[in-house]
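Everything on this sheet refers to the single structure shown next.
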Amino acid sequence: MARRTPPAGPKKPFSAPATLPAWFDEPDPKPAPRQRTHYRTIWISDIHLGTPGCNAELLMDFLKSIECETLYLVGDIIDAWRLRKGWYWPPRHNDVVRRILKMAKHGTHVVYVPGNHDEVLRDYAGLAFGDVTVASEVIHETADGRRLLVLLGDQFDSIVLYAKWLAFLGDSAYELLLKSNRIVNFVRRRFGLPYWSLAAHMKKRVKNAVSFISRFEEVVARAAAERHVEGVVCGHIHSAEIRQFGDITYYNDGDWVESCTALVEHEDGRMEIVDWAERKRIEAAEASAPARIAQPLALVPA
């Protein structure tokens, strides 16, 4: 599909509207945590708002637990491919948008780097929508002086570039897998079990998927080397990872459909992947442990 040609003439930053939507100042559905973890920088990508597969509940829980100086939205935040097929936008997706806008309003520098599922926003690179800046790619400098190229990475996916019909076909098959994922987790919730991703589990065990991920990582790292930076941060393949390719450090911040992960930078420049789904599983296990220990003790006669 041909890209829309942007209007001629110089682009001017948009100013914030005089009045915000009524839902902007509504209280959050749940009270904010008493204490938030502070990071210098956070990268999240592949949220896919507008799809049933988006784990908006876990993402909201994460966003309420953190604060940061800079938040990068690294592509596929809104899934325009899915919204073209039919409108799907539950209230929790509004909550995610509102939370990000509130972070921007209260001093977080929010940078939106569009991907292939929200590629319509690429025509507006260089513009500011209120407190959110849109950019096709960014060079981020860490606290310890390293320069990192930030982009989604779909530019290096040969299927997206040269066989878009196959990408749409794969997207439909992936959607079926995510439906199965929702059924599995519905059953798990009925038994009091935390979130677990069938899609991520299947991807790790399919040889072709593993091979594709490996090639993708190598190509992205090589492109970063050609830009003369020390590392690259991307998303797109829904697989969180930190790997070293020669002098280039490859970072993938994962997604909020399968794994529910984010990449964070600490104040000293140290980088870390935060696996929020795994953290919630650990918390659930720790919360249930005292009950499991107490139950046998209650059966012992006094």
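In the structure tokens, chains take letters A, B, ... by order of appearance, with residues numbered from 1 within each chain and ligands from 1 in the order shown.
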
Range 233-238 of chain A: which residues within 9 Å, counting only C-alpha atoms, same-chain residues fewer than 2 positions away excluded, as a PyMOL selection string?
chain A and resi 43-46+74-76+115-116+148-154+157+200+213+216+220+231+240+249-259+263

Would you output that residue set with C-alpha atoms, as a CSV table (one decimal), in the first residue's frame?
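New file again_26.csv:
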```csv
chain,number,residue,atom,x,y,z
A,43,TRP,CA,11.3,1.9,26.6
A,44,ILE,CA,8.1,0.1,25.8
A,45,SER,CA,6.8,-1.1,22.4
A,46,ASP,CA,4.3,-3.3,20.7
A,74,VAL,CA,8.9,2.3,20.4
A,75,GLY,CA,6.3,1.5,17.7
A,76,ASP,CA,3.1,-0.5,17.3
A,115,GLY,CA,6.1,1.3,13.7
A,116,ASN,CA,4.4,-0.6,10.9
A,148,LEU,CA,21.8,4.2,21.3
A,149,LEU,CA,19.8,4.1,18.1
A,150,VAL,CA,16.1,3.8,18.9
A,151,LEU,CA,13.6,2.5,16.3
A,152,LEU,CA,11.0,-0.2,16.1
A,153,GLY,CA,13.0,-2.3,13.6
A,154,ASP,CA,10.3,-3.3,11.0
A,157,ASP,CA,12.0,-7.2,8.4
A,200,ALA,CA,5.5,-16.7,23.6
A,213,ILE,CA,14.6,-13.7,15.5
A,216,PHE,CA,16.7,-10.1,12.8
A,220,VAL,CA,19.6,-4.6,13.3
A,231,GLY,CA,23.9,0.1,20.7
A,240,ALA,CA,12.9,-9.1,24.9
A,249,THR,CA,24.8,-3.9,22.3
A,250,TYR,CA,21.4,-5.0,21.0
A,251,TYR,CA,18.4,-4.3,23.2
A,252,ASN,CA,14.9,-5.4,22.5
A,253,ASP,CA,12.2,-4.2,24.9
A,254,GLY,CA,9.7,-6.9,24.1
A,255,ASP,CA,6.0,-6.3,24.0
A,256,TRP,CA,2.7,-6.0,26.0
A,257,VAL,CA,0.9,-8.8,24.1
A,258,GLU,CA,2.9,-11.9,24.9
A,259,SER,CA,5.7,-11.3,27.4
A,263,LEU,CA,13.6,-2.0,29.0
```

Write out as a list in words all residues of range 56-91 of chain A that DSSP puts in helix (DSSP H, G or I) for this structure's backbone.
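Secondary structure check on range 56-91 of chain A, helix (DSSP H, G or I): Ala56, Glu57, Leu58, Leu59, Met60, Asp61, Phe62, Leu63, Lys64, Ser65, Ala80, Trp81, Arg82, Leu83, Arg84, Lys85 and Pro91 of chain A.
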
Hey, can you check how far CA of Glu265 in chain A sits from CA of Asp118 in chain A?
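Atom-to-atom, CA of Glu265 in chain A and CA of Asp118 in chain A are spaced 25.4 Å apart.
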
Identify which of the residues A:His109, A:Arg122, A:Arg99, A:Ala104 lies closest to Asp61 in chain A, counting only C-alpha atoms when measuring atom-to-atom distances.
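Looking at the shortest contact to Asp61 in chain A, the residue is A:Arg99.
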
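Closest approach to Thr41 in chain A among A:Ile248, A:Cys260, A:Ala125, A:Ile66: A:Ile66, based on only C-alpha atoms.
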
In Å to one decimal, how far is CA of Asp95 in chain A from CA of Arg36 in chain A?
18.2 Å

What does the distance between CA of Ile273 in chain A and CA of Thr51 in chain A come to in Å, to one decimal place?
24.2 Å

Identify all residues of range 203-276 of chain A in strand (DSSP E or B) (DSSP on the backbone) and supply them as a ChimeraX atom specification.
/A:231-234,241-245,248-252,261-265,271-275

Go ahead and save the picked residues with N, CA, C and O atoms, as an mmCIF file, in the first residue's frame.
```
data_model
loop_
_atom_site.group_PDB
_atom_site.id
_atom_site.type_symbol
_atom_site.label_atom_id
_atom_site.label_comp_id
_atom_site.auth_asym_id
_atom_site.auth_seq_id
_atom_site.Cartn_x
_atom_site.Cartn_y
_atom_site.Cartn_z
ATOM 1 N N GLY A 231 24.987 1.127 20.477
ATOM 2 C CA GLY A 231 23.935 0.141 20.700
ATOM 3 C C GLY A 231 22.660 0.518 19.984
ATOM 4 O O GLY A 231 22.551 1.592 19.375
ATOM 5 N N VAL A 232 21.666 -0.365 20.048
ATOM 6 C CA VAL A 232 20.382 -0.138 19.398
ATOM 7 C C VAL A 232 19.277 -0.680 20.282
ATOM 8 O O VAL A 232 19.432 -1.729 20.917
ATOM 9 N N VAL A 233 18.168 0.071 20.350
ATOM 10 C CA VAL A 233 16.975 -0.360 21.080
ATOM 11 C C VAL A 233 15.842 -0.481 20.076
ATOM 12 O O VAL A 233 15.562 0.463 19.328
ATOM 13 N N CYS A 234 15.197 -1.649 20.042
ATOM 14 C CA CYS A 234 14.110 -1.859 19.091
ATOM 15 C C CYS A 234 13.033 -2.740 19.728
ATOM 16 O O CYS A 234 13.125 -3.126 20.892
ATOM 17 N N GLU A 241 15.289 -8.955 24.798
ATOM 18 C CA GLU A 241 16.635 -9.535 24.758
ATOM 19 C C GLU A 241 17.679 -8.447 24.929
ATOM 20 O O GLU A 241 17.489 -7.296 24.518
ATOM 21 N N ILE A 242 18.800 -8.814 25.555
ATOM 22 C CA ILE A 242 20.007 -7.989 25.573
ATOM 23 C C ILE A 242 21.141 -8.887 25.099
ATOM 24 O O ILE A 242 21.434 -9.910 25.725
ATOM 25 N N ARG A 243 21.769 -8.528 23.962
ATOM 26 C CA ARG A 243 22.839 -9.338 23.384
ATOM 27 C C ARG A 243 23.964 -8.437 22.896
ATOM 28 O O ARG A 243 23.728 -7.265 22.563
ATOM 29 N N GLN A 244 25.121 -8.998 22.841
ATOM 30 C CA GLN A 244 26.282 -8.263 22.342
ATOM 31 C C GLN A 244 26.683 -8.803 20.975
ATOM 32 O O GLN A 244 26.856 -10.018 20.804
ATOM 33 N N PHE A 245 26.799 -7.925 19.979
ATOM 34 C CA PHE A 245 27.271 -8.277 18.643
ATOM 35 C C PHE A 245 28.512 -7.432 18.366
ATOM 36 O O PHE A 245 28.413 -6.288 17.923
ATOM 37 N N ILE A 248 28.585 -3.689 19.355
ATOM 38 C CA ILE A 248 27.200 -3.198 19.432
ATOM 39 C C ILE A 248 26.408 -3.995 20.462
ATOM 40 O O ILE A 248 26.388 -5.231 20.432
ATOM 41 N N THR A 249 25.738 -3.272 21.363
ATOM 42 C CA THR A 249 24.821 -3.912 22.302
ATOM 43 C C THR A 249 23.410 -3.807 21.742
ATOM 44 O O THR A 249 22.930 -2.702 21.447
ATOM 45 N N TYR A 250 22.784 -4.953 21.561
ATOM 46 C CA TYR A 250 21.429 -5.031 21.018
ATOM 47 C C TYR A 250 20.447 -5.151 22.177
ATOM 48 O O TYR A 250 20.577 -6.027 23.036
ATOM 49 N N TYR A 251 19.464 -4.237 22.196
ATOM 50 C CA TYR A 251 18.410 -4.276 23.213
ATOM 51 C C TYR A 251 17.054 -4.397 22.508
ATOM 52 O O TYR A 251 16.768 -3.634 21.579
ATOM 53 N N ASN A 252 16.239 -5.329 22.952
ATOM 54 C CA ASN A 252 14.850 -5.399 22.487
ATOM 55 C C ASN A 252 13.962 -5.329 23.722
ATOM 56 O O ASN A 252 14.144 -6.101 24.666
ATOM 57 N N THR A 261 6.946 -6.922 28.856
ATOM 58 C CA THR A 261 8.276 -6.525 29.312
ATOM 59 C C THR A 261 8.569 -5.083 28.922
ATOM 60 O O THR A 261 7.935 -4.520 28.022
ATOM 61 N N ALA A 262 9.549 -4.504 29.602
ATOM 62 C CA ALA A 262 10.027 -3.156 29.294
ATOM 63 C C ALA A 262 11.536 -3.141 29.474
ATOM 64 O O ALA A 262 12.096 -3.952 30.223
ATOM 65 N N LEU A 263 12.182 -2.220 28.777
ATOM 66 C CA LEU A 263 13.613 -1.986 28.956
ATOM 67 C C LEU A 263 13.766 -0.708 29.769
ATOM 68 O O LEU A 263 13.101 0.296 29.480
ATOM 69 N N VAL A 264 14.628 -0.736 30.800
ATOM 70 C CA VAL A 264 14.798 0.440 31.650
ATOM 71 C C VAL A 264 16.273 0.785 31.769
ATOM 72 O O VAL A 264 17.147 -0.082 31.691
ATOM 73 N N GLU A 265 16.525 2.081 31.945
ATOM 74 C CA GLU A 265 17.874 2.572 32.216
ATOM 75 C C GLU A 265 17.900 3.152 33.619
ATOM 76 O O GLU A 265 17.070 4.011 33.965
ATOM 77 N N MET A 271 21.494 -0.909 32.146
ATOM 78 C CA MET A 271 20.267 -1.276 31.425
ATOM 79 C C MET A 271 19.748 -2.614 31.941
ATOM 80 O O MET A 271 20.523 -3.515 32.280
ATOM 81 N N GLU A 272 18.424 -2.750 31.942
ATOM 82 C CA GLU A 272 17.806 -3.966 32.473
ATOM 83 C C GLU A 272 16.462 -4.196 31.799
ATOM 84 O O GLU A 272 15.747 -3.245 31.473
ATOM 85 N N ILE A 273 16.124 -5.459 31.569
ATOM 86 C CA ILE A 273 14.787 -5.815 31.091
ATOM 87 C C ILE A 273 13.918 -6.127 32.301
ATOM 88 O O ILE A 273 14.285 -6.955 33.140
ATOM 89 N N VAL A 274 12.781 -5.459 32.396
ATOM 90 C CA VAL A 274 11.823 -5.713 33.462
ATOM 91 C C VAL A 274 10.723 -6.599 32.894
ATOM 92 O O VAL A 274 9.989 -6.197 31.989
ATOM 93 N N ASP A 275 10.633 -7.821 33.403
ATOM 94 C CA ASP A 275 9.599 -8.771 32.993
ATOM 95 C C ASP A 275 8.443 -8.638 33.984
ATOM 96 O O ASP A 275 8.446 -9.258 35.047
#
```
